[in-house]
Structures are given as C-alpha cells and as structure tokens.
file data-v3.pdb (PDB, C-alpha atoms)
ATOM      1  CA  MET A   1       3.948  -1.122  19.865  1.00  0.00           C
ATOM      2  CA  ARG A   2       5.688   2.219  20.304  1.00  0.00           C
ATOM      3  CA  LEU A   3       8.482   3.401  18.068  1.00  0.00           C
ATOM      4  CA  PRO A   4      11.835   3.810  19.830  1.00  0.00           C
ATOM      5  CA  ASP A   5      13.227   7.216  20.624  1.00  0.00           C
ATOM      6  CA  GLN A   6      16.622   7.029  18.946  1.00  0.00           C
ATOM      7  CA  ARG A   7      17.895  10.055  20.862  1.00  0.00           C
ATOM      8  CA  THR A   8      17.968   8.065  24.102  1.00  0.00           C
ATOM      9  CA  GLY A   9      20.076   5.188  22.767  1.00  0.00           C
ATOM     10  CA  SER A  10      17.169   2.753  22.923  1.00  0.00           C
ATOM     11  CA  PRO A  11      17.276  -0.792  21.425  1.00  0.00           C
ATOM     12  CA  PRO A  12      17.387  -1.268  17.633  1.00  0.00           C
ATOM     13  CA  VAL A  13      14.410  -0.427  15.464  1.00  0.00           C
ATOM     14  CA  ARG A  14      12.502  -3.670  14.912  1.00  0.00           C
ATOM     15  CA  ILE A  15      11.522  -4.219  11.264  1.00  0.00           C
ATOM     16  CA  VAL A  16       9.265  -6.702   9.454  1.00  0.00           C
ATOM     17  CA  LEU A  17       9.778  -7.145   5.710  1.00  0.00           C
ATOM     18  CA  VAL A  18       6.682  -7.801   3.574  1.00  0.00           C
ATOM     19  CA  ASP A  19       7.462  -8.706  -0.040  1.00  0.00           C
ATOM     20  CA  ASP A  20       6.340 -11.648  -2.158  1.00  0.00           C
ATOM     21  CA  HIS A  21       9.868 -12.232  -3.496  1.00  0.00           C
ATOM     22  CA  ALA A  22      12.145 -14.145  -1.112  1.00  0.00           C
ATOM     23  CA  ILE A  23      15.294 -12.915  -2.837  1.00  0.00           C
ATOM     24  CA  VAL A  24      14.222  -9.299  -2.271  1.00  0.00           C
ATOM     25  CA  ARG A  25      13.554  -9.953   1.407  1.00  0.00           C
ATOM     26  CA  HIS A  26      16.919 -11.663   1.814  1.00  0.00           C
ATOM     27  CA  GLY A  27      18.687  -8.793   0.099  1.00  0.00           C
ATOM     28  CA  LEU A  28      16.951  -6.233   2.281  1.00  0.00           C
ATOM     29  CA  ARG A  29      17.760  -8.195   5.420  1.00  0.00           C
ATOM     30  CA  SER A  30      21.448  -8.376   4.545  1.00  0.00           C
ATOM     31  CA  VAL A  31      21.566  -4.629   3.872  1.00  0.00           C
ATOM     32  CA  LEU A  32      19.594  -3.501   6.908  1.00  0.00           C
ATOM     33  CA  GLU A  33      21.303  -5.736   9.420  1.00  0.00           C
ATOM     34  CA  ARG A  34      24.623  -4.055   8.678  1.00  0.00           C
ATOM     35  CA  GLU A  35      23.230  -1.108  10.620  1.00  0.00           C
ATOM     36  CA  ASP A  36      23.629  -1.342  14.388  1.00  0.00           C
ATOM     37  CA  ASP A  37      20.363   0.478  15.070  1.00  0.00           C
ATOM     38  CA  LEU A  38      18.205  -1.679  12.767  1.00  0.00           C
ATOM     39  CA  GLN A  39      17.023  -5.254  13.331  1.00  0.00           C
ATOM     40  CA  VAL A  40      14.888  -7.411  11.010  1.00  0.00           C
ATOM     41  CA  VAL A  41      12.594  -9.441  13.262  1.00  0.00           C
ATOM     42  CA  GLY A  42      10.339 -11.080  10.686  1.00  0.00           C
ATOM     43  CA  GLU A  43       9.427 -11.626   7.040  1.00  0.00           C
ATOM     44  CA  ALA A  44       6.191 -12.280   5.164  1.00  0.00           C
ATOM     45  CA  ALA A  45       5.255 -12.975   1.556  1.00  0.00           C
ATOM     46  CA  THR A  46       1.480 -12.482   1.782  1.00  0.00           C
ATOM     47  CA  ALA A  47      -0.975 -10.242   3.607  1.00  0.00           C
ATOM     48  CA  ALA A  48      -2.141 -13.125   5.809  1.00  0.00           C
ATOM     49  CA  GLU A  49       1.431 -13.982   6.755  1.00  0.00           C
ATOM     50  CA  ALA A  50       2.164 -10.328   7.450  1.00  0.00           C
ATOM     51  CA  LEU A  51      -0.715  -9.981   9.901  1.00  0.00           C
ATOM     52  CA  THR A  52       0.491 -13.048  11.787  1.00  0.00           C
ATOM     53  CA  VAL A  53       4.158 -12.038  11.795  1.00  0.00           C
ATOM     54  CA  VAL A  54       3.424  -8.488  12.937  1.00  0.00           C
ATOM     55  CA  ALA A  55       1.235  -9.781  15.765  1.00  0.00           C
ATOM     56  CA  ASP A  56       3.989 -12.171  16.885  1.00  0.00           C
ATOM     57  CA  ALA A  57       7.097 -10.034  16.318  1.00  0.00           C
ATOM     58  CA  ALA A  58       5.764  -6.657  17.513  1.00  0.00           C
ATOM     59  CA  PRO A  59       7.891  -4.575  15.108  1.00  0.00           C
ATOM     60  CA  HIS A  60       8.281  -0.815  15.130  1.00  0.00           C
ATOM     61  CA  ILE A  61       8.274  -0.611  11.324  1.00  0.00           C
ATOM     62  CA  VAL A  62       6.863  -2.645   8.445  1.00  0.00           C
ATOM     63  CA  LEU A  63       8.657  -2.301   5.115  1.00  0.00           C
ATOM     64  CA  LEU A  64       5.795  -3.041   2.717  1.00  0.00           C
ATOM     65  CA  ASP A  65       5.656  -3.837  -0.984  1.00  0.00           C
ATOM     66  CA  LEU A  66       2.319  -2.962  -2.586  1.00  0.00           C
ATOM     67  CA  LYS A  67       2.292  -5.904  -4.995  1.00  0.00           C
ATOM     68  CA  LEU A  68       1.686  -9.156  -3.174  1.00  0.00           C
ATOM     69  CA  SER A  69       0.001 -12.397  -4.178  1.00  0.00           C
ATOM     70  CA  THR A  70      -3.010 -10.970  -6.029  1.00  0.00           C
ATOM     71  CA  GLY A  71      -0.943  -9.662  -8.942  1.00  0.00           C
ATOM     72  CA  ASP A  72      -1.926  -6.002  -8.494  1.00  0.00           C
ATOM     73  CA  ASN A  73      -1.254  -3.304  -5.907  1.00  0.00           C
ATOM     74  CA  THR A  74      -4.568  -3.478  -4.049  1.00  0.00           C
ATOM     75  CA  GLU A  75      -3.645  -6.134  -1.507  1.00  0.00           C
ATOM     76  CA  GLY A  76      -0.670  -4.131  -0.288  1.00  0.00           C
ATOM     77  CA  LEU A  77      -2.833  -1.040   0.115  1.00  0.00           C
ATOM     78  CA  GLN A  78      -5.474  -3.000   2.006  1.00  0.00           C
ATOM     79  CA  LEU A  79      -2.811  -4.494   4.249  1.00  0.00           C
ATOM     80  CA  CYS A  80      -1.397  -1.037   4.944  1.00  0.00           C
ATOM     81  CA  GLY A  81      -4.813   0.104   6.151  1.00  0.00           C
ATOM     82  CA  GLN A  82      -5.322  -3.009   8.266  1.00  0.00           C
ATOM     83  CA  LEU A  83      -1.941  -2.679   9.959  1.00  0.00           C
ATOM     84  CA  THR A  84      -2.224   1.001  10.772  1.00  0.00           C
ATOM     85  CA  GLU A  85      -5.761   0.544  12.063  1.00  0.00           C
ATOM     86  CA  ARG A  86      -4.764  -2.334  14.345  1.00  0.00           C
ATOM     87  CA  TYR A  87      -1.454  -0.814  15.443  1.00  0.00           C
ATOM     88  CA  PRO A  88      -1.666   3.002  15.454  1.00  0.00           C
ATOM     89  CA  ASP A  89       1.957   3.373  16.609  1.00  0.00           C
ATOM     90  CA  LEU A  90       3.305   1.122  13.852  1.00  0.00           C
ATOM     91  CA  GLY A  91       5.281   2.887  11.127  1.00  0.00           C
ATOM     92  CA  VAL A  92       4.516   1.560   7.643  1.00  0.00           C
ATOM     93  CA  LEU A  93       7.072   2.465   4.977  1.00  0.00           C
ATOM     94  CA  VAL A  94       6.039   1.489   1.447  1.00  0.00           C
ATOM     95  CA  LEU A  95       8.898   0.113  -0.676  1.00  0.00           C
ATOM     96  CA  THR A  96       7.643  -0.717  -4.164  1.00  0.00           C
ATOM     97  CA  THR A  97       8.298  -0.550  -7.893  1.00  0.00           C
ATOM     98  CA  PHE A  98       5.109   1.464  -8.498  1.00  0.00           C
ATOM     99  CA  LEU A  99       5.759   5.169  -9.005  1.00  0.00           C
ATOM    100  CA  ASP A 100       2.322   6.760  -9.222  1.00  0.00           C
ATOM    101  CA  GLY A 101       1.174   9.873  -7.431  1.00  0.00           C
ATOM    102  CA  GLY A 102      -2.282   8.469  -6.860  1.00  0.00           C
ATOM    103  CA  LEU A 103      -0.837   5.400  -5.164  1.00  0.00           C
ATOM    104  CA  VAL A 104       1.380   7.541  -2.950  1.00  0.00           C
ATOM    105  CA  VAL A 105      -1.619   9.588  -1.839  1.00  0.00           C
ATOM    106  CA  ASP A 106      -3.737   6.455  -1.333  1.00  0.00           C
ATOM    107  CA  ALA A 107      -1.002   4.825   0.759  1.00  0.00           C
ATOM    108  CA  ILE A 108      -0.745   7.923   2.948  1.00  0.00           C
ATOM    109  CA  HIS A 109      -4.531   7.983   3.383  1.00  0.00           C
ATOM    110  CA  ARG A 110      -4.254   4.398   4.605  1.00  0.00           C
ATOM    111  CA  GLY A 111      -1.731   5.358   7.246  1.00  0.00           C
ATOM    112  CA  ALA A 112       1.656   4.843   5.578  1.00  0.00           C
ATOM    113  CA  ARG A 113       4.323   7.196   6.912  1.00  0.00           C
ATOM    114  CA  GLY A 114       6.571   7.019   3.893  1.00  0.00           C
ATOM    115  CA  TYR A 115       6.916   5.849   0.293  1.00  0.00           C
ATOM    116  CA  VAL A 116      10.112   4.988  -1.593  1.00  0.00           C
ATOM    117  CA  VAL A 117      10.743   3.157  -4.861  1.00  0.00           C
ATOM    118  CA  LYS A 118      12.819   0.004  -4.932  1.00  0.00           C
ATOM    119  CA  ASP A 119      15.708   1.363  -6.947  1.00  0.00           C
ATOM    120  CA  VAL A 120      16.454   3.930  -4.245  1.00  0.00           C
ATOM    121  CA  ASP A 121      20.031   3.680  -2.976  1.00  0.00           C
ATOM    122  CA  THR A 122      20.772   1.952   0.308  1.00  0.00           C
ATOM    123  CA  THR A 123      21.726   5.142   2.114  1.00  0.00           C
ATOM    124  CA  GLU A 124      18.416   6.809   1.309  1.00  0.00           C
ATOM    125  CA  LEU A 125      16.416   3.716   2.264  1.00  0.00           C
ATOM    126  CA  VAL A 126      18.118   3.545   5.660  1.00  0.00           C
ATOM    127  CA  ARG A 127      17.571   7.275   6.105  1.00  0.00           C
ATOM    128  CA  SER A 128      13.870   6.812   5.375  1.00  0.00           C
ATOM    129  CA  ILE A 129      13.562   3.983   7.882  1.00  0.00           C
ATOM    130  CA  ARG A 130      15.214   6.078  10.572  1.00  0.00           C
ATOM    131  CA  ALA A 131      12.951   9.015   9.765  1.00  0.00           C
ATOM    132  CA  VAL A 132       9.844   6.852  10.162  1.00  0.00           C
ATOM    133  CA  ALA A 133      11.303   5.534  13.424  1.00  0.00           C
ATOM    134  CA  ARG A 134      11.382   9.156  14.602  1.00  0.00           C
ATOM    135  CA  ARG A 135       7.681   9.426  13.722  1.00  0.00           C
ATOM    136  CA  GLU A 136       8.477  11.564  10.683  1.00  0.00           C
ATOM    137  CA  SER A 137       7.235  11.154   7.112  1.00  0.00           C
ATOM    138  CA  SER A 138       9.711  10.135   4.441  1.00  0.00           C
ATOM    139  CA  PHE A 139       9.541  10.078   0.638  1.00  0.00           C
ATOM    140  CA  ASP A 140      12.241   9.697  -1.965  1.00  0.00           C
ATOM    141  CA  SER A 141      12.445  12.650  -4.352  1.00  0.00           C
ATOM    142  CA  ARG A 142      10.527  10.967  -7.201  1.00  0.00           C
ATOM    143  CA  SER A 143       7.691   9.740  -4.984  1.00  0.00           C
ATOM    144  CA  ALA A 144       7.343  13.188  -3.455  1.00  0.00           C
ATOM    145  CA  ALA A 145       7.261  14.801  -6.899  1.00  0.00           C
ATOM    146  CA  ALA A 146       4.694  12.290  -8.158  1.00  0.00           C
ATOM    147  CA  MET A 147       2.495  12.924  -5.123  1.00  0.00           C
ATOM    148  CA  VAL A 148       2.639  16.701  -5.554  1.00  0.00           C
ATOM    149  CA  GLU A 149       1.855  16.389  -9.267  1.00  0.00           C
ATOM    150  CA  SER A 150      -1.085  14.109  -8.526  1.00  0.00           C
ATOM    151  CA  MET A 151      -2.487  16.497  -5.930  1.00  0.00           C
ATOM    152  CA  ASN A 152      -2.081  19.496  -8.242  1.00  0.00           C
ATOM    153  CA  THR A 153      -3.532  17.858 -11.356  1.00  0.00           C
ATOM    154  CA  PRO A 154      -7.056  19.099 -12.139  1.00  0.00           C
ATOM    155  CA  THR A 155      -9.571  16.296 -11.798  1.00  0.00           C
ATOM    156  CA  ALA A 156     -11.951  17.057 -14.636  1.00  0.00           C
ATOM    157  CA  GLU A 157     -13.095  13.456 -14.510  1.00  0.00           C
ATOM    158  CA  PRO A 158     -12.377  10.516 -12.213  1.00  0.00           C
ATOM    159  CA  ARG A 159      -9.225   8.505 -12.843  1.00  0.00           C
ATOM    160  CA  LEU A 160     -10.107   4.836 -12.641  1.00  0.00           C
ATOM    161  CA  THR A 161      -7.467   2.135 -12.864  1.00  0.00           C
ATOM    162  CA  GLU A 162      -7.751  -0.593 -15.492  1.00  0.00           C
ATOM    163  CA  ARG A 163      -8.803  -3.062 -12.804  1.00  0.00           C
ATOM    164  CA  GLU A 164     -11.489  -0.673 -11.537  1.00  0.00           C
ATOM    165  CA  LEU A 165     -12.792  -0.256 -15.085  1.00  0.00           C
ATOM    166  CA  ASN A 166     -12.980  -4.029 -15.461  1.00  0.00           C
ATOM    167  CA  VAL A 167     -14.953  -4.287 -12.219  1.00  0.00           C
ATOM    168  CA  LEU A 168     -17.184  -1.403 -13.306  1.00  0.00           C
ATOM    169  CA  ARG A 169     -18.027  -3.178 -16.552  1.00  0.00           C
ATOM    170  CA  GLN A 170     -19.134  -6.221 -14.580  1.00  0.00           C
ATOM    171  CA  LEU A 171     -21.206  -4.023 -12.271  1.00  0.00           C
ATOM    172  CA  ALA A 172     -22.957  -2.703 -15.359  1.00  0.00           C
ATOM    173  CA  HIS A 173     -23.965  -6.275 -16.158  1.00  0.00           C
ATOM    174  CA  GLY A 174     -25.474  -6.648 -12.689  1.00  0.00           C
ATOM    175  CA  LEU A 175     -22.959  -9.198 -11.388  1.00  0.00           C
ATOM    176  CA  SER A 176     -22.519  -9.728  -7.649  1.00  0.00           C
ATOM    177  CA  ASN A 177     -19.160  -9.250  -5.941  1.00  0.00           C
ATOM    178  CA  ARG A 178     -18.676 -13.016  -5.810  1.00  0.00           C
ATOM    179  CA  ASP A 179     -19.448 -13.420  -9.519  1.00  0.00           C
ATOM    180  CA  ILE A 180     -17.153 -10.523 -10.423  1.00  0.00           C
ATOM    181  CA  GLY A 181     -14.359 -12.089  -8.398  1.00  0.00           C
ATOM    182  CA  THR A 182     -14.838 -15.419 -10.160  1.00  0.00           C
ATOM    183  CA  LYS A 183     -14.867 -13.768 -13.580  1.00  0.00           C
ATOM    184  CA  LEU A 184     -11.771 -11.612 -12.939  1.00  0.00           C
ATOM    185  CA  PHE A 185      -9.899 -14.236 -10.865  1.00  0.00           C
ATOM    186  CA  ILE A 186      -9.677 -12.036  -7.769  1.00  0.00           C
ATOM    187  CA  SER A 187     -11.064 -12.459  -4.254  1.00  0.00           C
ATOM    188  CA  GLU A 188     -14.476 -11.164  -3.220  1.00  0.00           C
ATOM    189  CA  THR A 189     -12.713  -8.944  -0.666  1.00  0.00           C
ATOM    190  CA  THR A 190     -10.642  -7.370  -3.433  1.00  0.00           C
ATOM    191  CA  VAL A 191     -13.799  -6.771  -5.475  1.00  0.00           C
ATOM    192  CA  LYS A 192     -15.385  -4.978  -2.509  1.00  0.00           C
ATOM    193  CA  PHE A 193     -12.269  -2.823  -2.233  1.00  0.00           C
ATOM    194  CA  HIS A 194     -12.516  -1.861  -5.919  1.00  0.00           C
ATOM    195  CA  VAL A 195     -16.252  -1.179  -5.690  1.00  0.00           C
ATOM    196  CA  ARG A 196     -15.706   1.169  -2.744  1.00  0.00           C
ATOM    197  CA  ASN A 197     -12.992   3.007  -4.681  1.00  0.00           C
ATOM    198  CA  ILE A 198     -15.202   3.248  -7.770  1.00  0.00           C
ATOM    199  CA  MET A 199     -18.096   4.674  -5.780  1.00  0.00           C
ATOM    200  CA  ARG A 200     -15.802   7.140  -4.010  1.00  0.00           C
ATOM    201  CA  LYS A 201     -14.223   8.337  -7.255  1.00  0.00           C
ATOM    202  CA  LEU A 202     -17.610   8.700  -8.945  1.00  0.00           C
ATOM    203  CA  THR A 203     -19.179  10.257  -5.811  1.00  0.00           C
ATOM    204  CA  ALA A 204     -21.915   7.632  -6.012  1.00  0.00           C
ATOM    205  CA  THR A 205     -23.950   6.289  -3.106  1.00  0.00           C
ATOM    206  CA  SER A 206     -24.967   3.009  -4.750  1.00  0.00           C
ATOM    207  CA  ARG A 207     -23.717   0.564  -7.348  1.00  0.00           C
ATOM    208  CA  ALA A 208     -26.487   1.577  -9.747  1.00  0.00           C
ATOM    209  CA  GLU A 209     -25.594   5.236  -9.360  1.00  0.00           C
ATOM    210  CA  ALA A 210     -21.925   4.414 -10.005  1.00  0.00           C
ATOM    211  CA  VAL A 211     -22.854   2.688 -13.268  1.00  0.00           C
ATOM    212  CA  TYR A 212     -25.083   5.620 -14.249  1.00  0.00           C
ATOM    213  CA  GLU A 213     -22.360   8.207 -13.527  1.00  0.00           C
ATOM    214  CA  ALA A 214     -19.804   6.102 -15.410  1.00  0.00           C
ATOM    215  CA  SER A 215     -22.063   5.889 -18.440  1.00  0.00           C
ATOM    216  CA  LYS A 216     -22.468   9.692 -18.473  1.00  0.00           C
ATOM    217  CA  LEU A 217     -18.682  10.026 -18.506  1.00  0.00           C
ATOM    218  CA  HIS A 218     -18.424   7.386 -21.275  1.00  0.00           C
ATOM    219  CA  LEU A 219     -16.267   5.172 -19.045  1.00  0.00           C
ATOM    220  CA  ILE A 220     -18.350   2.134 -19.993  1.00  0.00           C
TER
END

call {"tool": "encode", "arguments": {"input": "data-v3.pdb", "output": "structure tokens"}}
result
Amino acid sequence: MRLPDQRTGSPPVRIVLVDDHAIVRHGLRSVLEREDDLQVVGEAATAAEALTVVADAAPHIVLLDLKLSTGDNTEGLQLCGQLTERYPDLGVLVLTTFLDGGLVVDAIHRGARGYVVKDVDTTELVRSIRAVARRESSFDSRSAAAMVESMNTPTAEPRLTERELNVLRQLAHGLSNRDIGTKLFISETTVKFHVRNIMRKLTATSRAEAVYEASKLHLI
C-alpha cells in the first residue's frame, strides 16, 4: 500500500475517512472530492469497521478521528497504532477536536504522520493531506505549538488522564482488567491499554508497583 508520488502525475490519493459522525464524514467527502488529486474510497464509524474498510479499499491515507465509539480518545489512538503496524506505508492523518500536546505526541509515537484540529480551514486540511501523501509530516499551527509545549514542559510528576486515574483507583482495590472494564463501562482491551500507559508513566514494572508509586505521589 504505497503512497503515490504526486510529481509523476500518478492516480488520485486514495483516502478512507474514520469518524463516528456520519454527517462529518459526508461533509469531508464532499470537500475532498472537489480536488482532482484526492479520492475518498471508504468510510468507517468504528475501529472494527475501519480495519475492514482499510483492508478492502487499500487507501494511501486514513483521515482518523481520535474519538470513536468508546466515548474517549483511546480507541482512536489504538486504531492508529494497529493501522500503522499492519500497513507501514499507510499515512495516518489525525483530524480531531482534541487539542492536547500529549495526545499529539502519543499519536506520533503510534505512527501518525500528521495532526490537525477539526476547525482547520479546508485549504489547510487539503494541504496536510497532500503533505502526508508526499511522505511528509503535517501539523496545523496550534497542534504543532501544543506538541512543542508538551515536549518542553518539565515533568516533575506523571500526567495521568482522568480515565487513567479512574483505572488506577480500581487497580488499588485489586480488581482484574475484566472487573475494571465492567465497573467503568469500557472494554477489557481498553483497560489493558490504560494499564500499560499508567505503568509507563509511573515507570513501574508491575501493577502493584504502579499502585505503590501512585500512592507516593498522592495520586490515589
């Protein structure tokens, strides 16, 4: 699934739209298909649908929202990692409402080649898509600034999200991943994702150590 070389007048860039709102996908399709060098070849509302559509449509680029069916931004991040691992030549461009430097950095670590917020103007969005199609990175000005600020901010103590703190509190009570998922109304896979992030942020090698480190920092 190689990205086209636009300098040689190759066929249009094939794009799959992944967003849980149909009206957003329809709006994006109508905007992008005005461009002769861009072609929307598929849409998906969930991570499962996205994996199927990408496998069938063989796009060059996936335009990915981070917030899908789970109600938070973790499923989009997980999907980003899955897609880039399965299809190393695929360009993932995050298009989301979340403007957070940590999320930008996390998305890049998971293989995304760009990050833009949804209120970006059409011209800049198209420019970003074309940049990713050229195997370049692309960020709108606010995402880039947020990423730089996040990377330059001293990390005196780990920054855990509210969801991670909720999971951490359940870990402190000795609950299993399945029980935590049931209690917080999220999937067991999502719990595992949060636990890995918690352990990474707390530089812990076990769940018990993560709870111990969190207690020292008065996080729980």

call {"tool": "closest_residue", "arguments": {"input": "data-v3.pdb", "among": "A:His173, A:Arg127, A:Arg142, A:Arg134", "to": "Val104 of chain A", "atoms": "only C-alpha atoms"}}
result
A:Arg142

call {"tool": "closest_residue", "arguments": {"input": "data-v3.pdb", "among": "A:Val105, A:Leu90, A:Leu160, A:Ala22", "to": "Ala146 of chain A", "atoms": "all atoms listed in the file"}}
result
A:Val105

call {"tool": "closest_residue", "arguments": {"input": "data-v3.pdb", "among": "A:Gly174, A:Gly111, A:Gly181, A:Pro12", "to": "Glu85 of chain A", "atoms": "all atoms listed in the file"}}
result
A:Gly111

call {"tool": "atom_distance", "arguments": {"input": "data-v3.pdb", "atom1": "atom CA of Phe193 of chain A", "atom2": "atom CA of Thr74 of chain A"}}
result
7.9 Å

call {"tool": "closest_residue", "arguments": {"input": "data-v3.pdb", "among": "A:Arg25, A:Lys118, A:Arg34, A:Arg159", "to": "Asp140 of chain A", "atoms": "all atoms listed in the file"}}
result
A:Lys118

call {"tool": "resolve_selection", "arguments": {"input": "data-v3.pdb", "expression": "the PyMOL selection byres ((chain A and resi 144) around 12)", "output": "list of chain:residue names"}}
result
A:Leu99, A:Asp100, A:Gly101, A:Gly102, A:Leu103, A:Val104, A:Val105, A:Ile108, A:Gly114, A:Tyr115, A:Val116, A:Val117, A:Ser137, A:Ser138, A:Phe139, A:Asp140, A:Ser141, A:Arg142, A:Ser143, A:Ala145, A:Ala146, A:Met147, A:Val148, A:Glu149, A:Ser150, A:Met151

call {"tool": "resolve_selection", "arguments": {"input": "data-v3.pdb", "expression": "the PyMOL selection byres ((chain A and resi 46-54) around 7)", "output": "PDB file with C-alpha atoms, in the coordinates of the input"}}
result
ATOM      1  CA  VAL A  18       6.682  -7.801   3.574  1.00  0.00           C
ATOM      2  CA  ASP A  20       6.340 -11.648  -2.158  1.00  0.00           C
ATOM      3  CA  GLY A  42      10.339 -11.080  10.686  1.00  0.00           C
ATOM      4  CA  ALA A  44       6.191 -12.280   5.164  1.00  0.00           C
ATOM      5  CA  ALA A  45       5.255 -12.975   1.556  1.00  0.00           C
ATOM      6  CA  ALA A  55       1.235  -9.781  15.765  1.00  0.00           C
ATOM      7  CA  ASP A  56       3.989 -12.171  16.885  1.00  0.00           C
ATOM      8  CA  ALA A  57       7.097 -10.034  16.318  1.00  0.00           C
ATOM      9  CA  ALA A  58       5.764  -6.657  17.513  1.00  0.00           C
ATOM     10  CA  PRO A  59       7.891  -4.575  15.108  1.00  0.00           C
ATOM     11  CA  LEU A  68       1.686  -9.156  -3.174  1.00  0.00           C
ATOM     12  CA  SER A  69       0.001 -12.397  -4.178  1.00  0.00           C
ATOM     13  CA  LEU A  79      -2.811  -4.494   4.249  1.00  0.00           C
TER      14      LEU A  79
END

call {"tool": "closest_atom_pairs", "arguments": {"input": "data-v3.pdb", "of": "segment 44-160 of chain A", "to": "segment 27-32 of chain A", "cutoff": "10 Å", "atoms": "only C-alpha atoms", "output": "CSV"}}
result
residue,atom,partner,partner_atom,distance
A:Leu63,CA,A:Leu28,CA,9.6
A:Thr122,CA,A:Val31,CA,7.5
A:Thr123,CA,A:Val31,CA,9.9
A:Leu125,CA,A:Leu32,CA,9.2
A:Val126,CA,A:Leu32,CA,7.3
A:Ile129,CA,A:Leu32,CA,9.7

call {"tool": "atom_distance", "arguments": {"input": "data-v3.pdb", "atom1": "atom CA of Leu168 of chain A", "atom2": "atom CA of Thr96 of chain A"}}
result
26.5 Å

call {"tool": "atom_distance", "arguments": {"input": "data-v3.pdb", "atom1": "atom CA of Asn177 of chain A", "atom2": "atom CA of Val191 of chain A"}}
result
5.9 Å

call {"tool": "closest_residue", "arguments": {"input": "data-v3.pdb", "among": "A:Phe185, A:Gly91, A:Glu33, A:Tyr212", "to": "Leu171 of chain A", "atoms": "only C-alpha atoms"}}
result
A:Tyr212

call {"tool": "closest_residue", "arguments": {"input": "data-v3.pdb", "among": "A:Leu219, A:Ile23, A:Leu66, A:Leu38", "to": "Cys80 of chain A", "atoms": "all atoms listed in the file"}}
result
A:Leu66

call {"tool": "build_atoms", "arguments": {"input": "data-v3.pdb", "residues": "segment 161-177 of chain A", "atoms": "N, CA and C atoms", "output": "mmCIF file, in the frame of the given file"}}
result
data_model
loop_
_atom_site.group_PDB
_atom_site.id
_atom_site.type_symbol
_atom_site.label_atom_id
_atom_site.label_comp_id
_atom_site.auth_asym_id
_atom_site.auth_seq_id
_atom_site.Cartn_x
_atom_site.Cartn_y
_atom_site.Cartn_z
ATOM 1 N N THR A 161 -8.492 3.044 -12.393
ATOM 2 C CA THR A 161 -7.467 2.135 -12.864
ATOM 3 C C THR A 161 -8.089 1.128 -13.832
ATOM 4 N N GLU A 162 -7.251 0.409 -14.552
ATOM 5 C CA GLU A 162 -7.751 -0.593 -15.492
ATOM 6 C C GLU A 162 -8.553 -1.664 -14.768
ATOM 7 N N ARG A 163 -8.077 -2.056 -13.576
ATOM 8 C CA ARG A 163 -8.803 -3.062 -12.804
ATOM 9 C C ARG A 163 -10.168 -2.525 -12.371
ATOM 10 N N GLU A 164 -10.216 -1.269 -11.936
ATOM 11 C CA GLU A 164 -11.489 -0.673 -11.537
ATOM 12 C C GLU A 164 -12.454 -0.599 -12.712
ATOM 13 N N LEU A 165 -11.937 -0.288 -13.900
ATOM 14 C CA LEU A 165 -12.792 -0.256 -15.085
ATOM 15 C C LEU A 165 -13.341 -1.645 -15.396
ATOM 16 N N ASN A 166 -12.514 -2.661 -15.226
ATOM 17 C CA ASN A 166 -12.980 -4.029 -15.461
ATOM 18 C C ASN A 166 -14.103 -4.388 -14.488
ATOM 19 N N VAL A 167 -13.912 -4.028 -13.221
ATOM 20 C CA VAL A 167 -14.953 -4.287 -12.219
ATOM 21 C C VAL A 167 -16.210 -3.496 -12.553
ATOM 22 N N LEU A 168 -16.041 -2.260 -12.959
ATOM 23 C CA LEU A 168 -17.184 -1.403 -13.306
ATOM 24 C C LEU A 168 -17.995 -2.001 -14.442
ATOM 25 N N ARG A 169 -17.310 -2.561 -15.429
ATOM 26 C CA ARG A 169 -18.027 -3.178 -16.552
ATOM 27 C C ARG A 169 -18.876 -4.357 -16.080
ATOM 28 N N GLN A 170 -18.362 -5.093 -15.112
ATOM 29 C CA GLN A 170 -19.134 -6.221 -14.580
ATOM 30 C C GLN A 170 -20.305 -5.730 -13.732
ATOM 31 N N LEU A 171 -20.091 -4.623 -13.014
ATOM 32 C CA LEU A 171 -21.206 -4.023 -12.271
ATOM 33 C C LEU A 171 -22.335 -3.631 -13.213
ATOM 34 N N ALA A 172 -21.954 -3.121 -14.379
ATOM 35 C CA ALA A 172 -22.957 -2.703 -15.359
ATOM 36 C C ALA A 172 -23.793 -3.874 -15.848
ATOM 37 N N HIS A 173 -23.227 -5.072 -15.746
ATOM 38 C CA HIS A 173 -23.965 -6.275 -16.158
ATOM 39 C C HIS A 173 -24.742 -6.875 -14.986
ATOM 40 N N GLY A 174 -24.689 -6.207 -13.830
ATOM 41 C CA GLY A 174 -25.474 -6.648 -12.689
ATOM 42 C C GLY A 174 -24.874 -7.795 -11.904
ATOM 43 N N LEU A 175 -23.587 -8.077 -12.085
ATOM 44 C CA LEU A 175 -22.959 -9.198 -11.388
ATOM 45 C C LEU A 175 -22.738 -8.868 -9.910
ATOM 46 N N SER A 176 -22.805 -9.887 -9.070
ATOM 47 C CA SER A 176 -22.519 -9.728 -7.649
ATOM 48 C C SER A 176 -21.008 -9.676 -7.442
ATOM 49 N N ASN A 177 -20.594 -9.290 -6.239
ATOM 50 C CA ASN A 177 -19.160 -9.250 -5.941
ATOM 51 C C ASN A 177 -18.520 -10.618 -6.130
#
